[in-house]
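Structure record follows, encoded as C-alpha cells.
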Amino acid sequence: MQNLDSRVPAVLLRIDRNPFHHGTLGAVRSLGRAGVEVHLVADCQGSPVRRSRFVSETHPPPPPGSSPADIAEVLRQVAARVSRPAVLVPLDDVSALAVNGLGEELASGFLLPRQPRALAERVADKAELAALCESLGVPHPVTLMAHSPEQAAAAAWQLGLPLVAKWSRPWLIPAGRGLRSTVVVRSAREARALYLRTAEAGSPLLFQAYLPPGPDRDWFFHGYVDGAGVTHGGGAGRKHHAWPRGAGLTTVGRWTPNPRLQALVGQLVRALGYRGVLDLDFRRDDTTGRYHLLDFNPRPGAQFRLFEDGSGLDVVRALHLDLTHRPLPAPAPVPGRAFVVENYAPLTALRQGGPQRELAWHAPDDRAPGRALWGLWARHVTLRLAQRVGRLLRAPVVPASTTAIAVAAPRTATAKALWMPAPASVRPADPQVGSPARALGDDEKASRR
C-alpha cells in the first residue's frame, strides 16, 4: 500500500441522500486503511457506511437544494473543526460541481486539484457534453433536445424506437418523485409524458439514439489526472451486469485493459485540460466498433475500488498523494480483478470469490457495514415497494382516444447529432419530420460519421 501522508486528513463530501452509495464506503476504507483520518460530511442515518471503523468523525451535510454559499459555509465549519488543511473529496455530482465553483473560497481549508473553472459543470451537463464531443471528434450518441411535447414525440420519428431519455442536469432531480436520470423510452406516448415533467425535473429533456447493451459493449474508465495531465490510479473496466439492466449502475464489473479506450480518454483529457478524478461511461457500437461516450462524471465512480492496483493505488489515494506532494508510483495493473455490489447481485457475490475480487459492502477488516447492510436494505426495498404501489393506485386512467401513436422508424447508420446555432446546445426534435432521413440537412449528411 502507498505511504500516504497521515498528517493530512481527508474530508469526504456527499450531499445526495443515498444511504446505499457504496462508493462512499469505498473512499472511507481506501483512505482509512492507509492511516488517513477520515471525516465524512454526509447523511449517514440509515446507511451502513456510518458503521465503518475507518470513519473518524461524521458531520451533517448541507441540505438538498443548498446554494453554493450555503455549501461553502458548511465546509468552512468542517474545516474549523478539522483545524488543519485537508484533502477534499466530493463524491456526488452536486458536491463536485459546488467544489469546482468554490475553489478559491475553499483554498484556505482544503487541498484541491487545479481544475479549470466551470469545467466540471460542462462535462456533467448532458447537453454540454454532447456539444463538447461533437467539437472534439469524440463519438457520442445522436442527441436531440425537446422544447415541447410535440418535439418529444417527434424524437421517436427521428431517432427510432426504443430511444434513451436523459435529463440534462440530473443532479437537479428532486428526490421521491419517481424520476430517474436516464430511462429507455419505447413509444412516442412515453416520450411526450416524460417531457410534461420537465418543470418537475429542473432541467431540459434530451433524447439519444439507443445503442443496445450486450456482451463486451458496456465499458467504463476511471482515473486521476495530476497537474501535469498524467492519468493515475485507474483503467478500463467492462460492465458485466447493471441495475437497472442496460442503463444503470455497475453491479458486476471486471478490470479489462483496453488500449483503444485508453487512447480515446487521453485525447479527451488533453483537449479539455481536465484535472482531478474522473469516471466515464462508454458503449461500443457493434456496427462501427466505435466507443461512444455516454457520461462524464467529474468525481470518483461508485465502483472505483475495482481499480486498486498491485501497489495499492486507486483514484482516491492518487488524489491524496498528489495533493500532498508525494510521488505517485508507476502503474501496476491487475487485469481480471472484479467488483461486485452484493445487494444488487447477491448470487454473483455468493458464487464468485478469490483474491482478485472486492465486494462493495463486506470486508474482513471492516465487518460492521456488511452486517448492517441486509436489515437496512430489506427495510429500504419494502418502503420502495409500498411507495410504488401507492403511486399505481393513485395514477389516473388515460382514455384510449388520447394515446399517441407509437412509432418505430429505423435509425440510419449515417445519423448524426443536430445542433442549434447557439454554442453547446442540442437542436430540438422537429415535430414536422416524418422520417429520419428528412431530419438531416445536406451539409450534415456529408459530414464525418
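All residue names refer to the C-alpha cells as shown: chains lettered A, B, ... in order, residues numbered from 1 in each chain, ligands numbered from 1 in order.
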
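Within 6 Å of A:Pro48, once only C-alpha atoms are used and residues closer than 5 positions along the same chain are dropped, the contacting residues are Pro369, Ala372 and Leu373 of chain A.
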
Keeping C-alpha atoms for every residue in the selection just given, could you write it to a file as a PDB file, in the first residue's frame?
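What ended up in out_37.pdb:
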ATOM      1  CA  PRO A 369     -21.129  -2.251   7.370  1.00  0.00           C
ATOM      2  CA  ALA A 372     -25.753  -3.840   8.832  1.00  0.00           C
ATOM      3  CA  LEU A 373     -26.473  -3.912   5.101  1.00  0.00           C
TER       4      LEU A 373
END

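Using only C-alpha atoms, the contacts of A:Arg197 at a cut-off of 12 Å, with sequence neighbours closer than 4 positions omitted, comprise Ser148, Pro149, Ala152, Trp167, Ile173, Pro174, Arg177, Gly178, Leu179, Arg180, Glu190, Ala191, Arg192, Ala193, Ala201, Gly202, Ser203, Pro204 and Leu205 of chain A.
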
Those selected residues, please, written with N, CA, C and O atoms and delivered as a JSON list (two decimals), in the first residue's frame.
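Full text of part-v3.json as output:
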[["chain", "number", "residue", "atom", "x", "y", "z"],
["A", 148, "SER", "N", -40.92, 20.98, -26.54],
["A", 148, "SER", "CA", -42.38, 20.92, -26.47],
["A", 148, "SER", "C", -42.78, 19.45, -26.46],
["A", 148, "SER", "O", -41.99, 18.58, -26.85],
["A", 149, "PRO", "N", -44.02, 19.16, -26.03],
["A", 149, "PRO", "CA", -44.47, 17.76, -26.08],
["A", 149, "PRO", "C", -44.44, 17.20, -27.50],
["A", 149, "PRO", "O", -44.13, 16.02, -27.70],
["A", 152, "ALA", "N", -40.97, 16.18, -28.34],
["A", 152, "ALA", "CA", -40.62, 14.95, -27.64],
["A", 152, "ALA", "C", -41.14, 13.73, -28.40],
["A", 152, "ALA", "O", -40.43, 12.74, -28.59],
["A", 167, "TRP", "N", -32.28, 13.60, -18.47],
["A", 167, "TRP", "CA", -32.38, 14.98, -18.01],
["A", 167, "TRP", "C", -30.99, 15.59, -18.08],
["A", 167, "TRP", "O", -30.01, 15.00, -17.64],
["A", 173, "ILE", "N", -32.68, 16.76, -10.13],
["A", 173, "ILE", "CA", -33.91, 15.98, -9.98],
["A", 173, "ILE", "C", -34.26, 15.85, -8.50],
["A", 173, "ILE", "O", -33.45, 15.41, -7.70],
["A", 174, "PRO", "N", -35.46, 16.25, -8.09],
["A", 174, "PRO", "CA", -35.83, 16.13, -6.68],
["A", 174, "PRO", "C", -36.04, 14.68, -6.27],
["A", 174, "PRO", "O", -36.49, 13.86, -7.07],
["A", 177, "ARG", "N", -39.73, 11.61, -6.29],
["A", 177, "ARG", "CA", -40.74, 11.89, -7.32],
["A", 177, "ARG", "C", -40.85, 10.77, -8.36],
["A", 177, "ARG", "O", -41.62, 10.89, -9.30],
["A", 178, "GLY", "N", -40.04, 9.74, -8.23],
["A", 178, "GLY", "CA", -40.09, 8.65, -9.18],
["A", 178, "GLY", "C", -39.42, 8.95, -10.51],
["A", 178, "GLY", "O", -39.61, 8.21, -11.48],
["A", 179, "LEU", "N", -38.63, 10.02, -10.58],
["A", 179, "LEU", "CA", -37.92, 10.37, -11.80],
["A", 179, "LEU", "C", -36.52, 9.77, -11.76],
["A", 179, "LEU", "O", -35.82, 9.88, -10.75],
["A", 180, "ARG", "N", -36.10, 9.18, -12.86],
["A", 180, "ARG", "CA", -34.75, 8.66, -12.99],
["A", 180, "ARG", "C", -33.96, 9.54, -13.96],
["A", 180, "ARG", "O", -34.52, 10.14, -14.87],
["A", 190, "GLU", "N", -44.78, 7.68, -24.35],
["A", 190, "GLU", "CA", -43.89, 7.76, -23.19],
["A", 190, "GLU", "C", -43.00, 8.99, -23.27],
["A", 190, "GLU", "O", -42.76, 9.67, -22.26],
["A", 191, "ALA", "N", -42.49, 9.28, -24.46],
["A", 191, "ALA", "CA", -41.62, 10.45, -24.63],
["A", 191, "ALA", "C", -42.38, 11.74, -24.30],
["A", 191, "ALA", "O", -41.86, 12.62, -23.60],
["A", 192, "ARG", "N", -43.60, 11.83, -24.78],
["A", 192, "ARG", "CA", -44.41, 13.03, -24.52],
["A", 192, "ARG", "C", -44.73, 13.16, -23.03],
["A", 192, "ARG", "O", -44.62, 14.26, -22.46],
["A", 193, "ALA", "N", -45.11, 12.05, -22.39],
["A", 193, "ALA", "CA", -45.45, 12.09, -20.96],
["A", 193, "ALA", "C", -44.24, 12.49, -20.12],
["A", 193, "ALA", "O", -44.37, 13.24, -19.14],
["A", 201, "ALA", "N", -38.48, 18.14, -13.11],
["A", 201, "ALA", "CA", -37.11, 17.62, -13.13],
["A", 201, "ALA", "C", -36.08, 18.72, -12.96],
["A", 201, "ALA", "O", -34.97, 18.47, -12.48],
["A", 202, "GLY", "N", -36.38, 19.94, -13.41],
["A", 202, "GLY", "CA", -35.48, 21.05, -13.18],
["A", 202, "GLY", "C", -34.46, 21.31, -14.27],
["A", 202, "GLY", "O", -33.63, 22.21, -14.14],
["A", 203, "SER", "N", -34.48, 20.54, -15.38],
["A", 203, "SER", "CA", -33.55, 20.78, -16.48],
["A", 203, "SER", "C", -34.15, 20.22, -17.76],
["A", 203, "SER", "O", -35.09, 19.43, -17.72],
["A", 204, "PRO", "N", -33.61, 20.61, -18.92],
["A", 204, "PRO", "CA", -34.19, 20.15, -20.20],
["A", 204, "PRO", "C", -34.10, 18.64, -20.37],
["A", 204, "PRO", "O", -33.24, 17.97, -19.78],
["A", 205, "LEU", "N", -35.00, 18.12, -21.22],
["A", 205, "LEU", "CA", -35.04, 16.70, -21.53],
["A", 205, "LEU", "C", -34.34, 16.45, -22.86],
["A", 205, "LEU", "O", -34.64, 17.11, -23.86]]

Practice problem: Would you kindly return, as a ChimeraX atom specification, each protein, DNA or RNA residue with an atom no farther than 9 Å from any atom of A:Ala242, considering only C-alpha atoms and excluding same-chain residues fewer than 6 positions away? | Solution: /A:248-253,344-345

Pull N, CA, C and O atoms from the residues just selected and write them as a PDB file, in the first residue's frame.
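Result file result.pdb:
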ATOM      1  N   GLY A 248     -27.967   1.438 -15.988  1.00  0.00           N
ATOM      2  CA  GLY A 248     -27.842   1.755 -14.566  1.00  0.00           C
ATOM      3  C   GLY A 248     -26.435   1.570 -14.047  1.00  0.00           C
ATOM      4  O   GLY A 248     -25.474   1.439 -14.806  1.00  0.00           O
ATOM      5  N   LEU A 249     -26.324   1.552 -12.712  1.00  0.00           N
ATOM      6  CA  LEU A 249     -25.023   1.448 -12.068  1.00  0.00           C
ATOM      7  C   LEU A 249     -24.435   0.057 -12.251  1.00  0.00           C
ATOM      8  O   LEU A 249     -25.149  -0.932 -12.438  1.00  0.00           O
ATOM      9  N   THR A 250     -23.111  -0.015 -12.194  1.00  0.00           N
ATOM     10  CA  THR A 250     -22.413  -1.285 -12.351  1.00  0.00           C
ATOM     11  C   THR A 250     -22.593  -2.129 -11.099  1.00  0.00           C
ATOM     12  O   THR A 250     -22.249  -1.706 -10.003  1.00  0.00           O
ATOM     13  N   THR A 251     -23.127  -3.327 -11.264  1.00  0.00           N
ATOM     14  CA  THR A 251     -23.263  -4.240 -10.132  1.00  0.00           C
ATOM     15  C   THR A 251     -22.207  -5.336 -10.162  1.00  0.00           C
ATOM     16  O   THR A 251     -21.833  -5.866  -9.120  1.00  0.00           O
ATOM     17  N   VAL A 252     -21.732  -5.670 -11.344  1.00  0.00           N
ATOM     18  CA  VAL A 252     -20.611  -6.604 -11.508  1.00  0.00           C
ATOM     19  C   VAL A 252     -19.716  -6.051 -12.607  1.00  0.00           C
ATOM     20  O   VAL A 252     -20.173  -5.850 -13.741  1.00  0.00           O
ATOM     21  N   GLY A 253     -18.461  -5.753 -12.268  1.00  0.00           N
ATOM     22  CA  GLY A 253     -17.523  -5.226 -13.246  1.00  0.00           C
ATOM     23  C   GLY A 253     -16.186  -5.921 -13.142  1.00  0.00           C
ATOM     24  O   GLY A 253     -15.848  -6.491 -12.093  1.00  0.00           O
ATOM     25  N   TYR A 344     -27.281  -5.781  -5.066  1.00  0.00           N
ATOM     26  CA  TYR A 344     -27.852  -5.843  -6.412  1.00  0.00           C
ATOM     27  C   TYR A 344     -27.503  -7.145  -7.131  1.00  0.00           C
ATOM     28  O   TYR A 344     -28.178  -7.516  -8.096  1.00  0.00           O
ATOM     29  N   ALA A 345     -26.444  -7.815  -6.721  1.00  0.00           N
ATOM     30  CA  ALA A 345     -26.016  -9.057  -7.375  1.00  0.00           C
ATOM     31  C   ALA A 345     -25.662 -10.098  -6.323  1.00  0.00           C
ATOM     32  O   ALA A 345     -24.512 -10.547  -6.246  1.00  0.00           O
TER      33      ALA A 345
END

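Across A:Gly214, A:Gly370, A:Gly336, A:Gly273, the tightest approach to A:Gly229 is made by A:Gly273 when counting only C-alpha atoms.
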
Quiz item: Contacts of A:His320 at 7 Å or less, counting only C-alpha atoms, minus same-chain residues fewer than 4 places along, as a PyMOL selection string?
Solution: chain A and resi 87+316+324

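Taking atom CA of A:Asp218 as the reference point, atom CA of A:Trp157 is found at 25.9 Å.
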
Exercise. Write down as number ranges by chain the residues of stretch 193-403 of chain A whose backbone DSSP state falls under strand (DSSP E).
Key: A: 205-209, 218-225, 231-243, 249-255, 276-284, 291-297, 338-340, 357-359

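With distances taken over only C-alpha atoms, A:Ala209 is the one residue among A:Ala124, A:Ala209, A:Ile71, A:Val8 lying closest to A:Gln158.
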
Practice problem: Show which residues sit within 12 Å of A:Cys133, as number ranges by chain. Count only C-alpha atoms, and ignore same-chain residues fewer than 4 positions away. | Solution: A: 122-123, 126-129, 137-143, 264-265, 267-269, 271-272, 292-296, 416-417, 424-426

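For the atom pair formed by atom CA of A:Gln115 and atom CA of A:Leu40, the distance is 22.8 Å, given to one decimal.
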
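For A:Asp366, the list of residues within 8 Å, based on only C-alpha atoms and with local chain neighbours fewer than 2 positions off taken out, reads Ser52, Arg53, Phe54, His362, Ala363, Pro364, Ala368, Pro369 and Gly370 of chain A.
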
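Nearest residue to A:Ala188, choosing from A:Pro162, A:Gly103, A:Pro90, A:Pro355 and counting only C-alpha atoms: A:Pro162.
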
Quiz item: Skipping near chain neighbours, those fewer than 5 positions away, what residues fall within 9 Å of A:Val341 using only C-alpha atoms, listed as a PyMOL selection string?
Solution: chain A and resi 22+250-252+303+346+348-349+358-361

Convert the current residue selection to file output with N, CA and C atoms, as a PDB file, in the first residue's frame.
ATOM      1  N   HIS A  22     -22.342   2.822  -2.273  1.00  0.00           N
ATOM      2  CA  HIS A  22     -21.195   2.026  -1.843  1.00  0.00           C
ATOM      3  C   HIS A  22     -19.871   2.703  -2.156  1.00  0.00           C
ATOM      4  N   THR A 250     -23.111  -0.015 -12.194  1.00  0.00           N
ATOM      5  CA  THR A 250     -22.413  -1.285 -12.351  1.00  0.00           C
ATOM      6  C   THR A 250     -22.593  -2.129 -11.099  1.00  0.00           C
ATOM      7  N   THR A 251     -23.127  -3.327 -11.264  1.00  0.00           N
ATOM      8  CA  THR A 251     -23.263  -4.240 -10.132  1.00  0.00           C
ATOM      9  C   THR A 251     -22.207  -5.336 -10.162  1.00  0.00           C
ATOM     10  N   VAL A 252     -21.732  -5.670 -11.344  1.00  0.00           N
ATOM     11  CA  VAL A 252     -20.611  -6.604 -11.508  1.00  0.00           C
ATOM     12  C   VAL A 252     -19.716  -6.051 -12.607  1.00  0.00           C
ATOM     13  N   GLN A 303     -17.812   2.427  -8.299  1.00  0.00           N
ATOM     14  CA  GLN A 303     -17.051   1.176  -8.349  1.00  0.00           C
ATOM     15  C   GLN A 303     -15.549   1.420  -8.492  1.00  0.00           C
ATOM     16  N   PRO A 346     -26.636 -10.514  -5.491  1.00  0.00           N
ATOM     17  CA  PRO A 346     -26.318 -11.430  -4.390  1.00  0.00           C
ATOM     18  C   PRO A 346     -25.844 -12.798  -4.862  1.00  0.00           C
ATOM     19  N   THR A 348     -24.181 -13.543  -7.609  1.00  0.00           N
ATOM     20  CA  THR A 348     -22.799 -13.423  -8.064  1.00  0.00           C
ATOM     21  C   THR A 348     -21.855 -13.308  -6.880  1.00  0.00           C
ATOM     22  N   ALA A 349     -22.268 -12.571  -5.866  1.00  0.00           N
ATOM     23  CA  ALA A 349     -21.423 -12.416  -4.669  1.00  0.00           C
ATOM     24  C   ALA A 349     -21.187 -13.753  -3.985  1.00  0.00           C
ATOM     25  N   GLU A 358     -13.355  -7.799  -5.098  1.00  0.00           N
ATOM     26  CA  GLU A 358     -13.725  -6.967  -3.953  1.00  0.00           C
ATOM     27  C   GLU A 358     -15.235  -6.806  -3.920  1.00  0.00           C
ATOM     28  N   LEU A 359     -15.811  -6.985  -2.727  1.00  0.00           N
ATOM     29  CA  LEU A 359     -17.229  -6.732  -2.515  1.00  0.00           C
ATOM     30  C   LEU A 359     -17.423  -5.287  -2.073  1.00  0.00           C
ATOM     31  N   ALA A 360     -18.561  -4.716  -2.452  1.00  0.00           N
ATOM     32  CA  ALA A 360     -18.820  -3.316  -2.125  1.00  0.00           C
ATOM     33  C   ALA A 360     -19.000  -3.090  -0.630  1.00  0.00           C
ATOM     34  N   TRP A 361     -19.638  -4.044   0.065  1.00  0.00           N
ATOM     35  CA  TRP A 361     -20.027  -3.820   1.460  1.00  0.00           C
ATOM     36  C   TRP A 361     -19.282  -4.700   2.460  1.00  0.00           C
TER      37      TRP A 361
END

Practice problem: Name the closest residue to A:Ala98 among the candidates A:Arg299, A:Arg50, A:Arg371, A:Arg388; distances are taken between atoms, counting only C-alpha atoms. | Solution: A:Arg299

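If you look at atom CA of A:Leu280 and atom CA of A:Ala175, they are 24.0 Å away from each other.
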
Quiz item: Which is closest to A:Leu321 among A:Gly354, A:Gly23, A:Gly233, A:Gly301, if we use only C-alpha atoms?
Solution: A:Gly233
